[in-house]
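Participant: Coordinates in my_file.txt, compact mmCIF, C-alpha atoms, are listed below.
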# COMPACT_ATOMS: atom_id res chain seq x y z
CA LEU N 1 -5.42 -8.85 -15.87
CA GLY N 2 -8.02 -7.06 -17.92
CA THR N 3 -11.18 -8.51 -19.41
CA ALA N 4 -11.30 -7.36 -23.03
CA GLU N 5 -9.28 -5.50 -25.60
CA THR N 6 -10.00 -1.87 -26.43
CA GLU N 7 -8.42 0.87 -28.52
CA LEU N 8 -6.41 3.72 -27.07
CA MET N 9 -8.70 6.39 -28.52
CA ASP N 10 -11.80 4.84 -26.95
CA MET N 11 -10.16 4.40 -23.56
CA THR N 12 -8.79 7.96 -23.54
CA ASN N 13 -12.20 9.36 -24.47
CA ALA N 14 -13.75 7.40 -21.61
CA TYR N 15 -11.41 9.14 -19.15
CA ALA N 16 -12.16 12.48 -20.82
CA ALA N 17 -15.74 12.09 -19.54
CA PHE N 18 -14.40 12.27 -15.98
CA ALA N 19 -12.56 15.48 -16.87
CA ASN N 20 -15.77 16.91 -18.36
CA GLN N 21 -17.79 16.19 -15.18
CA GLY N 22 -19.60 13.23 -16.70
CA GLU N 23 -20.26 14.63 -20.17
CA GLN N 24 -18.73 12.89 -23.19
CA PHE N 25 -18.08 14.05 -26.73
CA SER N 26 -17.48 11.79 -29.71
CA THR N 27 -13.90 11.61 -30.94
CA GLY N 28 -12.72 13.66 -33.88
CA THR N 29 -9.53 15.01 -35.45
CA VAL N 30 -10.63 18.43 -36.74
CA ALA N 31 -12.29 21.07 -34.57
CA HIS N 32 -11.96 24.27 -36.64
CA ILE N 33 -10.95 25.29 -40.17
CA GLU N 34 -10.34 28.80 -41.46
CA ASP N 35 -9.79 29.89 -45.05
CA LYS N 36 -6.93 32.10 -46.20
CA PHE N 37 -8.92 35.19 -45.30
CA GLY N 38 -9.36 34.10 -41.70
CA ARG N 39 -13.03 33.28 -42.14
CA THR N 40 -14.40 30.16 -40.46
CA ALA N 41 -14.93 27.43 -43.02
CA PHE N 42 -15.75 24.69 -40.53
CA GLU N 43 -16.58 24.63 -36.84
CA ARG N 44 -17.12 21.40 -34.95
CA ASP N 45 -20.41 21.81 -33.15
CA GLU N 46 -21.47 18.90 -30.99
CA GLN N 47 -23.63 18.56 -27.92
CA PRO N 48 -22.09 16.27 -25.28
CA GLU N 49 -23.84 13.20 -23.94
CA ARG N 50 -24.35 12.79 -20.21
CA VAL N 51 -22.82 9.40 -19.35
CA GLN N 52 -22.27 9.85 -15.60
CA SER N 53 -23.26 12.27 -12.89
CA ALA N 54 -21.00 15.22 -12.20
CA GLU N 55 -20.74 14.12 -8.56
CA ALA N 56 -19.56 10.58 -9.41
CA SER N 57 -17.07 11.97 -11.93
CA TYR N 58 -15.68 14.34 -9.32
CA LEU N 59 -15.12 11.53 -6.81
CA ILE N 60 -13.18 9.52 -9.41
CA SER N 61 -11.07 12.56 -10.31
CA SER N 62 -10.47 13.37 -6.65
CA MET N 63 -9.11 9.88 -5.97
CA LEU N 64 -6.95 9.72 -9.10
CA ALA N 65 -5.51 13.18 -8.40
CA ASP N 66 -4.43 12.32 -4.85
CA ASP N 67 -0.62 12.45 -5.00
CA SER N 68 -0.21 11.23 -1.41
CA ALA N 69 -2.37 8.13 -2.00
CA ARG N 70 -0.35 7.31 -5.13
CA ALA N 71 3.06 7.90 -3.52
CA PRO N 72 3.55 4.48 -1.77
CA THR N 73 3.46 2.73 -5.14
CA PHE N 74 4.60 5.30 -7.69
CA GLY N 75 6.46 7.88 -5.64
CA SER N 76 6.38 11.19 -7.52
CA SER N 77 6.92 9.65 -10.97
CA LEU N 78 3.41 10.60 -12.12
CA ASN N 79 3.13 14.01 -10.43
CA ILE N 80 2.90 17.12 -12.60
CA SER N 81 4.25 20.17 -10.81
CA GLY N 82 1.89 23.14 -10.68
CA HIS N 83 -1.20 21.28 -11.92
CA ASP N 84 -4.03 19.20 -10.47
CA VAL N 85 -3.76 16.02 -12.56
CA ALA N 86 -5.68 12.74 -12.28
CA VAL N 87 -3.86 9.69 -13.63
CA LYS N 88 -4.31 5.91 -13.84
CA THR N 89 -1.92 3.20 -15.00
CA GLY N 90 -2.71 -0.28 -16.26
CA THR N 91 -0.95 -3.49 -17.27
CA THR N 92 -2.27 -6.67 -18.87
CA ASN N 93 -0.98 -10.21 -18.37
CA ASP N 94 2.74 -10.73 -18.97
CA ASN N 95 3.18 -6.98 -19.57
CA ARG N 96 1.75 -7.35 -23.06
CA ASP N 97 0.04 -3.95 -22.78
CA ALA N 98 1.15 -0.95 -20.73
CA TRP N 99 -1.22 1.98 -20.21
CA THR N 100 -1.09 5.39 -18.59
CA ILE N 101 -4.02 7.79 -18.99
CA GLY N 102 -4.36 11.10 -17.16
CA TYR N 103 -6.24 14.35 -17.39
CA THR N 104 -6.91 17.83 -16.10
CA PRO N 105 -10.13 19.78 -16.61
CA GLN N 106 -8.56 21.11 -19.85
CA ILE N 107 -6.93 18.07 -21.48
CA THR N 108 -6.80 14.26 -21.45
CA VAL N 109 -3.74 12.29 -22.58
CA GLY N 110 -3.52 8.53 -23.06
CA VAL N 111 -0.42 6.43 -23.80
CA TRP N 112 -0.24 2.76 -24.79
CA VAL N 113 3.00 0.79 -25.07
CA GLY N 114 3.19 -2.64 -26.71
CA ASP N 115 4.00 -4.29 -30.01
CA ASN N 116 1.94 -5.49 -32.96
CA GLU N 117 2.74 -9.14 -32.24
CA ASN N 118 1.36 -8.93 -28.68
CA ASN N 119 4.62 -10.21 -27.21
CA PRO N 120 5.35 -9.98 -23.45
CA MET N 121 7.47 -7.04 -22.31
CA ALA N 122 9.92 -6.69 -19.47
CA ILE N 123 8.10 -3.73 -17.85
CA GLY N 124 4.49 -2.66 -17.34
CA GLY N 125 2.24 0.39 -17.20
CA SER N 126 3.92 3.01 -15.04
CA ALA N 127 7.45 2.05 -16.09
CA ALA N 128 6.77 1.77 -19.82
CA ALA N 129 3.96 4.23 -20.59
CA GLY N 130 4.33 6.51 -17.54
CA PRO N 131 7.43 8.48 -18.62
CA ILE N 132 5.98 9.07 -22.11
CA TRP N 133 2.68 10.25 -20.63
CA ARG N 134 4.35 12.55 -18.12
CA GLU N 135 6.57 14.25 -20.67
CA SER N 136 3.68 14.64 -23.13
CA ILE N 137 1.13 16.16 -20.74
CA THR N 138 3.77 18.39 -19.13
CA THR N 139 4.54 19.89 -22.54
CA MET N 140 0.84 20.38 -23.29
CA LEU N 141 0.20 22.09 -19.95
CA ASP N 142 3.15 24.50 -20.19
CA ASP N 143 1.00 27.29 -21.66
CA LEU N 144 -2.10 26.56 -19.56
CA GLU N 145 -2.96 27.93 -16.15
CA ARG N 146 -3.62 25.59 -13.27
CA GLN N 147 -7.25 24.53 -13.08
CA ASP N 148 -8.48 22.34 -10.24
CA PHE N 149 -11.36 19.90 -10.31
CA ASP N 150 -14.35 21.84 -8.98
CA ALA N 151 -16.69 20.00 -6.62
CA PRO N 152 -20.34 20.01 -7.83
CA ARG N 153 -23.08 21.20 -5.50
CA GLY N 154 -24.02 17.62 -4.66
CA ILE N 155 -20.64 16.94 -2.99
CA VAL N 156 -20.11 17.33 0.76
CA ASN N 157 -16.84 17.07 2.71
CA VAL N 158 -17.05 15.37 6.10
CA ARG N 159 -14.58 14.20 8.72
CA ILE N 160 -14.38 10.41 8.91
CA CYS N 161 -12.33 7.83 10.81
CA ASN N 162 -10.02 5.00 9.94
CA MET N 163 -7.47 2.98 11.90
CA HIS N 164 -4.93 5.79 11.52
CA GLY N 165 -7.14 8.57 12.79
CA GLU N 166 -9.49 11.16 11.33
CA TYR N 167 -9.39 12.89 7.96
CA VAL N 168 -11.69 14.77 5.57
CA GLU N 169 -13.27 12.88 2.68
CA SER N 170 -15.70 13.83 -0.09
CA PHE N 171 -19.08 12.12 -0.49
CA ILE N 172 -22.15 12.48 -2.64
CA ARG N 173 -24.72 14.17 -0.45
CA GLY N 174 -26.80 11.58 1.38
CA THR N 175 -24.15 8.85 1.34
CA GLN N 176 -21.82 10.29 3.99
CA PRO N 177 -21.50 8.57 7.42
CA ASP N 178 -23.48 10.24 10.20
CA ARG N 179 -20.82 10.15 12.92
CA CYS N 180 -17.16 9.66 13.72
CA ASP N 181 -16.94 8.37 17.28
CA PRO N 182 -13.33 7.45 18.19
CA ASP N 183 -14.49 4.84 20.71
CA PHE N 184 -16.87 3.31 18.20
CA ARG N 185 -14.15 3.37 15.58
CA GLN N 186 -11.66 1.56 17.81
CA ASP N 187 -14.23 -1.01 18.90
CA ASP N 188 -15.14 -1.65 15.29
CA ILE N 189 -11.48 -2.07 14.33
CA ASP N 190 -10.84 -4.44 17.26
CA GLU N 191 -13.90 -6.54 16.42
CA ARG N 192 -12.97 -6.80 12.77
CA ARG N 193 -9.41 -7.77 13.67
CA ARG N 194 -10.66 -10.41 16.11
CA ARG N 195 -12.90 -11.95 13.43
CA GLU N 196 -10.06 -11.99 10.93
CA GLU N 197 -7.73 -13.68 13.44
CA GLU N 198 -10.35 -16.32 14.29
CA GLU N 199 -10.95 -17.00 10.63
CA GLU N 200 -7.21 -17.37 10.03
CA ARG N 201 -6.84 -19.78 12.98
CA ARG N 202 -9.76 -21.86 11.74
CA ARG N 203 -8.29 -21.99 8.26
CA GLN N 204 -4.89 -23.10 9.61
CA GLN N 205 -6.51 -25.80 11.78
CA GLU N 206 -8.43 -27.16 8.81
CA GLU N 207 -5.28 -27.16 6.71
CA GLU N 208 -3.31 -28.95 9.47
CA GLU N 209 -6.07 -31.54 9.92
CA ARG N 210 -6.20 -32.18 6.18
CA ARG N 211 -2.41 -32.57 6.08
CA ARG N 212 -2.42 -35.06 8.97
CA GLN N 213 -5.17 -37.08 7.36
CA GLU N 214 -3.27 -37.28 4.09
CA GLU N 215 -0.10 -38.39 5.93
CA ALA N 216 -2.03 -41.04 7.87
CA GLU N 217 -3.56 -42.41 4.70
CA ALA N 218 -0.15 -42.52 3.04
CA GLU N 219 1.39 -44.40 6.02
CA ALA N 220 -1.48 -46.86 6.08
CA GLU N 221 -0.94 -47.67 2.43
CA GLN N 222 2.77 -48.32 3.07
CA GLU N 223 2.20 -50.55 6.13
CA GLU N 224 -0.56 -52.67 4.66
CA PRO N 225 1.02 -56.12 3.79
CA GLU N 226 0.61 -57.39 0.35
CA GLU N 227 -1.65 -60.45 0.13
CA PRO N 228 0.24 -63.50 -1.16
CA GLU N 229 -0.85 -64.72 -4.47
CA GLU N 230 -2.80 -67.97 -4.29
CA PRO N 231 -1.20 -70.78 -6.29
CA GLU N 232 -3.09 -71.78 -9.28
CA GLU N 233 -4.89 -75.11 -8.86
CA GLU N 234 -3.58 -77.80 -11.12
CA GLU N 235 -6.25 -79.41 -13.16
CA GLU N 236 -6.59 -83.12 -12.48
CA PRO N 237 -6.41 -85.23 -15.61
CA GLU N 238 -9.76 -86.55 -16.61
CA GLU N 239 -10.16 -90.30 -16.05
CA GLU N 240 -10.63 -92.23 -19.21
CA GLU N 241 -13.90 -94.05 -19.23
CA GLU N 242 -13.49 -97.82 -19.48
CA PRO N 243 -15.23 -99.16 -22.51
CA GLU N 244 -18.38 -101.07 -21.66
CA GLU N 245 -18.09 -104.84 -22.03
CA GLU N 246 -20.14 -106.13 -24.89
CA ASP N 247 -22.77 -108.64 -23.78
CA ASP N 248 -22.11 -112.04 -25.22
CA ASP N 249 -25.56 -112.90 -26.47
CA ASP N 250 -24.38 -115.81 -28.67
CA ASP N 251 -25.50 -118.39 -26.07
CA GLU N 252 -28.94 -117.02 -25.93
CA LEU N 253 -29.22 -116.96 -29.70
CA THR N 254 -28.07 -120.65 -30.16
CA PRO N 255 -31.25 -122.81 -30.44
CA GLU N 256 -31.53 -125.91 -28.23
CA PRO N 257 -31.70 -129.36 -30.03
CA PRO N 258 -35.20 -130.87 -30.29
CA GLU N 259 -36.15 -133.71 -27.96
CA LEU N 260 -36.41 -137.14 -29.55
What does the file become when written as structure tokens?

Facilitator:
Amino acid sequence: LGTAETELMDMTNAYAAFANQGEQFSTGTVAHIEDKFGRTAFERDEQPERVQSAEASYLISSMLADDSARAPTFGSSLNISGHDVAVKTGTTNDNRDAWTIGYTPQITVGVWVGDNENNPMAIGGSAAAGPIWRESITTMLDDLERQDFDAPRGIVNVRICNMHGEYVESFIRGTQPDRCDPDFRQDDIDERRRREEEEERRRQQEEEERRRQEEAEAEAEQEEPEEPEEPEEEEEPEEEEEPEEEDDDDDELTPEPPEL
């Protein structure tokens, strides 16, 4: 899980841009200093950078602040009573890092749990970092009034359909569906389900055929008789060549006696 390492301050400031409707400030530790006479000695003055549209930021905040959508997985463990809070958890491989970052329009809080040796942990994001985050942001919001995420002018709410029925959803203007026909919706659901079932049957058939082929090949290897080893041919001893008889040329070399 995860693609690269990042620091808690950077990740928390990234989520703060959603809270600020797409505008991001650089991080800092001091915002204001007064001298002993109450006069301002330092005032942090920074213009934010637009990093995302207000409409896109609102859609992210709307999804992350949906308590009912979060309930099947987290129950109410991340809900903050009396406030509209967006929150996201995260866990890396082997529970080496546990994250929980959440925000309101007034404040953003990020929590990381891990150790300096990057060892695996027994629990992940919501279980490890979630309780710390919830207690921290609850304390910080005690003296603040509830403030909801305001929808920008480019957001429209329309009634849409899913397999469970109709409900209202937010869209950036121009991207919303143009109709919600119950008959069309049901036909679309049935067609998609039919395609998924056909694909699953085809996959199972291919898997069964591959299994049968592997079994047949294995049986064929077991039934194939082993070829007997051919006996090695014994080398015949080489025949010794008989020595050639020496020609007796003594008779031819003996001169005949002269005639008298």

Participant: What gap, in Å, lies between CA of Tyr15 (chain N) and CA of Ala69 (chain N)?

Facilitator: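 One can read the CA of Tyr15 (chain N) to CA of Ala69 (chain N) distance as 19.4 Å.
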
Participant: Excluding same-chain residues fewer than 4 positions from region 116-133 of chain N, what lies within 6 Å of it counting all atoms listed in the file, as a PyMOL selection string?

Facilitator: chain N and resi 89-91+94-96+98-100+111

Participant: Give one line per residue of region 52-118 of chain N that approaches region 148-161 of chain N to at most 9 Å, naming the two atoms of the closest pair and their distance in Å to one decimal, counting only C-alpha atoms; sort by chain then ascending residue number and deliver it as CSV.

Facilitator:
residue,atom,partner,partner_atom,distance
N:Ala54,CA,N:Pro152,CA,6.5
N:Glu55,CA,N:Pro152,CA,5.9
N:Tyr58,CA,N:Ala151,CA,6.4
N:Leu59,CA,N:Ala151,CA,8.6
N:Ser61,CA,N:Phe149,CA,7.3
N:Ser62,CA,N:Phe149,CA,7.5
N:His83,CA,N:Asp148,CA,7.5
N:Asp84,CA,N:Asp148,CA,5.5
N:Val85,CA,N:Asp148,CA,8.2
N:Thr104,CA,N:Asp148,CA,7.6
N:Pro105,CA,N:Phe149,CA,6.4

Participant: Box for region 142-155 of chain N - axis-aligned, 5 Å on each of the six sides, all listed atoms - centre and size in Å to one decimal, as JSON.

Facilitator:
{"center_x": -10.4, "center_y": 22.4, "center_z": -12.3, "size_x": 37.2, "size_y": 21.0, "size_z": 28.7}

Participant: Applying 10 Å and only C-alpha atoms, which residues near region 27-30 of chain N remain after dropping the ones on its own chain fewer than 4 positions away? List them as a ChimeraX atom specification.

Facilitator: /N:9-10,12-13,42-44

Participant: Using all atoms listed in the file, which of the listed residues (N:Phe25, N:Tyr103, N:Phe171, N:Phe18) sits closest to Ala86 (chain N)?

Facilitator: N:Tyr103

Participant: Any idea what the distance is between CA of Ala31 (chain N) and CA of Glu7 (chain N)?

Facilitator: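 Taking CA of Ala31 (chain N) and CA of Glu7 (chain N), their separation equals 21.4 Å.
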
Participant: Work out how far apart CA of Val113 (chain N) and CA of Met11 (chain N) are and give it in Å to one decimal.

Facilitator: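 Separation of CA of Val113 (chain N) and CA of Met11 (chain N): 13.7 Å.
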
Participant: Which residue, N:Arg179, N:Val51, N:Phe37, N:Ala4, has the smallest gap to Glu23 (chain N) when you use all atoms listed in the file?

Facilitator: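 The answer is N:Val51, which sits nearest to Glu23 (chain N).
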
Participant: With all atoms listed in the file as the atoms that count, which of N:Arg211, N:Leu78, N:Val168, N:Ala71 lies nearest to Ser136 (chain N)?

Facilitator: N:Leu78

Participant: Set the distance at 7 Å and use only C-alpha atoms: which residues neighbour Lys88 (chain N) once local chain neighbours fewer than 5 positions away are removed? I'd like the list as a list of chain:residue names.

Facilitator: N:Leu64, N:Thr100, N:Ile101, N:Gly102

Participant: Point out the residue among N:Ile137, N:Ala19, N:Ala216, N:Ile107 with the least atom-to-atom distance to Asn79 (chain N), counting only C-alpha atoms.

Facilitator: N:Ile137
